[in-house]
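A quick write-up on the structure given underneath.
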Amino acid sequence: MAKYLLLKHYRGAPSAVNDVPMDQWTPEEISAHVQYMRDFAARLEETGEFVDSQALAPEGTFVRYDGEGRPPVTDGPFAETKDVIAGWMVIDVDSYERAVELAGELSAAPGAGGKPIHEWLELRPFLTSPPTITE
Amino acid sequence: MTAQLDEALLRSLTPGVLGILVRRGADFAAAEDAVQDALIEAIRVWPADPPRDPKGWLVTVAWRKFLDATRAEAARRRREDVLDEEPEPGQAAAVDDTLQLYFLCAHPSLSSSSAVALTLRAVGGLTTRQIAQAYLVPEATMAQRISRAKRTVSGVRFDQPGDVATVLRVLYLVFNEGYSGDVDLAAEAIRLTRQLAAAIDHPEVAGLLALMLLHHARRATRTAPDGGLVPLAEQDRGRWDTALIAEGVEILQAALARDRLGEYQAQAAIAALHADAPTAGETDWVQIVAWYDELVRLTGSPIVRLNRAVAVGEADGPRAGLAALAELDDSLPRHTAVAAYLHERDGDLATAARLYAEAAHQAPHLAERDYLTRQAARLNTRRH
């Protein structure tokens, strides 16, 4: 089994095919989209492949250490930041092929006009512990 | 009786109890649930009131749990009539129940992850929560994986002979997962393989058990205190577990004497040659290459060929190793890491440093990536 992160970018990834901003969909289209995502996660729980799914606020704070005895420095949000991560799903699957299949399914979530968004999702494997037997 | 003793005993009894329920006519999925319920009850009741016959106790309680669950399903009233009688005692088992359970849980219709999960629960007696923790997935996900696996094999006849190779593959996967969470999967794999070896006389079962013991013997020396990987050549051989090595070698020799070589015996033979060398410099690489030749013949695996190239590099020098490596597809996992190592031994430190960094970038394992990055850094600082 291998764990993969399905990463959803708002910016930074190539544009989706059906690239209409969500605030210009009809309320019914938004409901259909949300339902699709829920059904997808529920189906993965059924198949025993679901690990985690989270959505993130589009903007955050940048924080860094500022030396002994001083409070951390905060900055941002930076409007010019190229990439925005909208959320993720973590899956635990038998093969890379299965991970690609599921990412393709998730990317087919309906958007404007009830048509699939065809958005780009990034598929990243987790780094794991090395196997016991290597030589 | 301590709680720990309870658990070890309980879990060793699990497959036998489950086998009895299935033989009495319970379907596998329901019987497995009932045995889990009985185990939980045992953990609750035994510390204060230990039974004189633990297995008999478990069979009685599990059977009652099974009947309760069956009764609770009002829709299955007709089945209840059949089952709500005392079972015939002591139906003679045509084949060993434990062995049949291994076959069922590693059935070829299951994906490897399902087979692993089902084996750990039904044969190993681990709880769903423990298995979920070991594989770092939510308990609900693991529960679904197990119940789907049970559904998949529910139509398989319990007395059909199975394939030992699929069982060994599952146990090998469990062992290789190593140690994560609070369940020691390597130790569990060894326990299950010992139990299998007791149930069936098969040289490859012995070979796998020997392989596990020989690798387990080196476990404490494989990781530095900071969690970093320690390669074989740098491990503190004085801390290898000599008792496990002796046992592994003895089991392997008995298996090899049967003259039915298989891949696990060949792998164990390589591990035994490493275990046998007092220092890394005294390793018998020529014999190891010969065993890799056998492994290539047995499996044809490109990963084996890659490991063979490392061994050739040690036996005949890095140039010979690089020549062996050149015959292989460079997209193989760890190909770049092997190339880096052989180039370093050949004295080409600039190429080695570049390849170590590249290999680190490709590494699928965190500890391996850190190790390779450190190798690149070591060569880069030395060259400046």
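In the structure tokens, chains take letters A, B, ... by order of appearance, with residues numbered from 1 within each chain and ligands from 1 in the order shown.
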I'd like the neighbourhood of stretch 36-52 of chain B as a ChimeraX atom specification, where a residue qualifies if any of its atoms comes within 12 Å (using only C-alpha atoms), though same-chain residues fewer than 5 positions away should be ignored.
/B:1-15,17-18,29-31,57-66,68-69,121-129
With the cut-off set at 7 Å and counting only C-alpha atoms, tabulate each residue of chain A with an atom at most that distance from an atom of chain B, showing the nearest atom pair and its distance in Å to one decimal, ordered by chain and increasing number, as a tab-separated table.
residue	atom	partner	partner_atom	distance
A:Met1	CA	B:Ser113	CA	6.0
A:Glu45	CA	B:Thr141	CA	5.4
A:Glu46	CA	B:Gln144	CA	5.7
A:Thr47	CA	B:Arg145	CA	6.2
A:Gly48	CA	B:Arg145	CA	4.3
A:Glu49	CA	B:Thr141	CA	6.4
A:Phe50	CA	B:Thr141	CA	6.0
A:Val51	CA	B:Val137	CA	5.4
A:Asp94	CA	B:Ser113	CA	6.7
A:Leu127	CA	B:His365	CA	4.7
A:Thr128	CA	B:His365	CA	4.6
A:Ser129	CA	B:His365	CA	5.3
A:Pro130	CA	B:His365	CA	5.3
A:Pro131	CA	B:Asn176	CA	4.9
A:Thr132	CA	B:Asn176	CA	4.7
A:Ile133	CA	B:Asn176	CA	6.3
A:Glu135	CA	B:Asn307	CA	6.2
Would you save the residues of that selection, restricted to C-alpha atoms, as a JSON list (two decimals), in the first residue's frame?
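To be explicit, this is the file written out as result_15.json:
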[["chain", "number", "residue", "atom", "x", "y", "z"],
["A", 1, "MET", "CA", 0.00, 0.00, 0.00],
["A", 45, "GLU", "CA", -14.12, 4.97, 3.04],
["A", 46, "GLU", "CA", -16.17, 2.06, 1.72],
["A", 47, "THR", "CA", -13.25, 0.71, -0.30],
["A", 48, "GLY", "CA", -10.87, 1.12, 2.64],
["A", 49, "GLU", "CA", -8.70, 3.66, 0.82],
["A", 50, "PHE", "CA", -9.57, 6.88, 2.64],
["A", 51, "VAL", "CA", -7.12, 8.51, 5.03],
["A", 94, "ASP", "CA", -2.48, -0.56, -3.80],
["A", 127, "LEU", "CA", 7.88, 9.27, 1.81],
["A", 128, "THR", "CA", 7.71, 6.13, 3.95],
["A", 129, "SER", "CA", 9.98, 4.06, 6.17],
["A", 130, "PRO", "CA", 12.42, 1.91, 4.24],
["A", 131, "PRO", "CA", 11.61, -1.81, 4.04],
["A", 132, "THR", "CA", 13.34, -4.19, 6.44],
["A", 133, "ILE", "CA", 14.89, -6.34, 3.72],
["A", 135, "GLU", "CA", 19.89, -6.38, 0.17]]
Next item on the list: Point out the residue among B:Leu273, B:Leu171, B:Ala72, B:Val164 with the least atom-to-atom distance to B:Val286, counting only C-alpha atoms.
Entry: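 Closest residue, counting only C-alpha atoms: B:Leu273.
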Would you compute the distance between atom CA of B:Gln100 and atom CA of B:Ile200? Give it in Å to one decimal.
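Those two atoms sit 10.6 Å apart.
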*asked:* With DSSP run on the backbone, what are the helix (DSSP H, G or I) residues within stretch 2-131 of chain A? I'd like them as a ChimeraX atom specification.
replied: /A:22-24,27-47,96-107,112-114
(message) Give me, as a ChimeraX atom specification, all polymer residues having an atom no more than 12 Å from A:Arg38, counting only C-alpha atoms and skipping those fewer than 3 positions away in the same chain.
(response) /A:31-35,41-45,50,53-54,89,106,109
Produce a file of the selected residues containing C-alpha atoms, as a tab-separated table (two decimals), in the first residue's frame.
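What follows is the written file part.tsv:
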chain	number	residue	atom	x	y	z
A	31	SER	CA	-24.58	21.92	-4.09
A	32	ALA	CA	-23.94	19.31	-6.76
A	33	HIS	CA	-20.20	19.94	-6.53
A	34	VAL	CA	-20.14	19.65	-2.73
A	35	GLN	CA	-22.24	16.48	-2.89
A	41	ALA	CA	-14.87	10.54	0.14
A	42	ALA	CA	-17.64	8.22	1.34
A	43	ARG	CA	-16.91	5.80	-1.49
A	44	LEU	CA	-13.22	5.74	-0.57
A	45	GLU	CA	-14.12	4.97	3.04
A	50	PHE	CA	-9.57	6.88	2.64
A	53	SER	CA	-9.48	15.15	3.57
A	54	GLN	CA	-9.20	18.79	4.55
A	89	MET	CA	-7.16	14.41	0.23
A	106	LEU	CA	-11.95	13.65	-8.26
A	109	ALA	CA	-16.28	17.00	-9.95
Could you pull the residues within 12 Å of B:Ala309, counting only C-alpha atoms, minus those fewer than 2 positions along the same chain, as a short mmCIF file (atom, residue, chain, number, x, y, z; two decimals) with C-alpha atoms, in the first residue's frame?
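Done, and the output landed in selection.cif:
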data_model
loop_
_atom_site.label_atom_id
_atom_site.label_comp_id
_atom_site.auth_asym_id
_atom_site.auth_seq_id
_atom_site.Cartn_x
_atom_site.Cartn_y
_atom_site.Cartn_z
CA GLU A 135 19.89 -6.38 0.17
CA TRP B 285 31.02 -11.78 -1.83
CA ILE B 288 26.87 -14.03 -2.46
CA VAL B 289 27.10 -13.34 -6.20
CA ALA B 290 26.51 -17.05 -6.81
CA TYR B 292 22.18 -13.80 -6.57
CA ASP B 293 22.66 -15.76 -9.80
CA VAL B 296 17.91 -14.18 -10.84
CA PRO B 302 15.20 -6.59 -12.04
CA ILE B 303 15.54 -5.56 -8.37
CA VAL B 304 17.49 -8.76 -7.75
CA ARG B 305 19.74 -7.94 -10.71
CA LEU B 306 20.38 -4.52 -9.20
CA ASN B 307 21.40 -6.04 -5.87
CA ALA B 311 27.59 -7.76 -4.97
CA VAL B 312 29.58 -8.01 -8.23
CA GLY B 313 31.09 -4.61 -7.39
CA GLU B 314 32.30 -6.04 -4.07
CA ALA B 315 33.47 -9.37 -5.47
CA ASP B 316 35.17 -8.23 -8.68
CA GLY B 317 35.71 -4.51 -8.16
CA PRO B 318 33.63 -1.39 -8.86
CA ARG B 319 34.28 -1.44 -12.63
CA ALA B 320 32.73 -4.90 -12.85
CA GLY B 321 29.81 -3.67 -10.75
CA LEU B 322 29.29 -0.68 -13.04
CA ALA B 323 29.40 -3.00 -16.07
CA ALA B 324 26.68 -5.18 -14.49
CA LEU B 325 24.71 -2.05 -13.68
CA ALA B 326 24.97 -0.77 -17.26
CA GLU B 327 22.93 -3.76 -18.44
CA LEU B 328 19.95 -2.65 -16.33
CA ARG B 334 17.73 2.71 -6.25
CA HIS B 335 19.60 2.40 -9.57
CA ALA B 337 22.04 5.18 -5.51
CA VAL B 338 23.88 2.02 -6.55
CA ALA B 339 25.65 3.92 -9.36
CA TYR B 341 28.17 4.00 -4.51
CA LEU B 342 30.08 2.18 -7.26
#
- Query: Which residues come within 9 Å of A:Val84, counting only C-alpha atoms, excluding same-chain residues fewer than 6 positions away, as a ChimeraX atom specification?
  - Reply: /A:8-12,58-59
Closest of A:Trp120, A:Phe40, A:Tyr4, A:Phe78 to A:Val93 - atom-to-atom distances counting only C-alpha atoms =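 Closest residue, counting only C-alpha atoms: A:Tyr4.
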* Would you list the contacts of A:Glu29 as JSON, numbers by chain, taking every protein, DNA or RNA residue within 7 Å and counting only C-alpha atoms, but skipping same-chain residues closer than 6 positions in sequence? => {"A": [111, 112, 114]}
Can you list, as a ChimeraX atom specification, every residue of stretch 17-235 of chain B that DSSP puts in strand (DSSP E or B)? /B:179-180,183-184,223,229
Selection export as a PDB file, in the first residue's frame, atoms kept: N, CA, C and O atoms:
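Wrote it out as result_9.pdb, contents follow:
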ATOM      1  N   TYR B 179       8.227  -1.520  11.627  1.00  0.00           N
ATOM      2  CA  TYR B 179       7.825  -1.072  12.942  1.00  0.00           C
ATOM      3  C   TYR B 179       7.243   0.317  12.845  1.00  0.00           C
ATOM      4  O   TYR B 179       7.944   1.288  12.622  1.00  0.00           O
ATOM      5  N   SER B 180       5.941   0.416  12.928  1.00  0.00           N
ATOM      6  CA  SER B 180       5.352   1.745  13.003  1.00  0.00           C
ATOM      7  C   SER B 180       4.145   1.641  13.909  1.00  0.00           C
ATOM      8  O   SER B 180       3.438   0.644  13.893  1.00  0.00           O
ATOM      9  N   VAL B 183       2.368  -1.533  17.268  1.00  0.00           N
ATOM     10  CA  VAL B 183       2.425  -2.956  16.967  1.00  0.00           C
ATOM     11  C   VAL B 183       3.711  -3.236  16.199  1.00  0.00           C
ATOM     12  O   VAL B 183       4.020  -2.585  15.220  1.00  0.00           O
ATOM     13  N   ASP B 184       4.466  -4.211  16.694  1.00  0.00           N
ATOM     14  CA  ASP B 184       5.709  -4.571  16.046  1.00  0.00           C
ATOM     15  C   ASP B 184       5.389  -5.588  14.943  1.00  0.00           C
ATOM     16  O   ASP B 184       5.264  -6.778  15.196  1.00  0.00           O
ATOM     17  N   THR B 223      19.565   1.178  12.756  1.00  0.00           N
ATOM     18  CA  THR B 223      19.163   2.567  12.908  1.00  0.00           C
ATOM     19  C   THR B 223      20.041   3.250  13.941  1.00  0.00           C
ATOM     20  O   THR B 223      20.276   2.703  15.021  1.00  0.00           O
ATOM     21  N   LEU B 229      19.705   5.849   8.888  1.00  0.00           N
ATOM     22  CA  LEU B 229      20.002   4.486   8.451  1.00  0.00           C
ATOM     23  C   LEU B 229      21.481   4.182   8.651  1.00  0.00           C
ATOM     24  O   LEU B 229      22.332   5.018   8.343  1.00  0.00           O
TER      25      LEU B 229
END
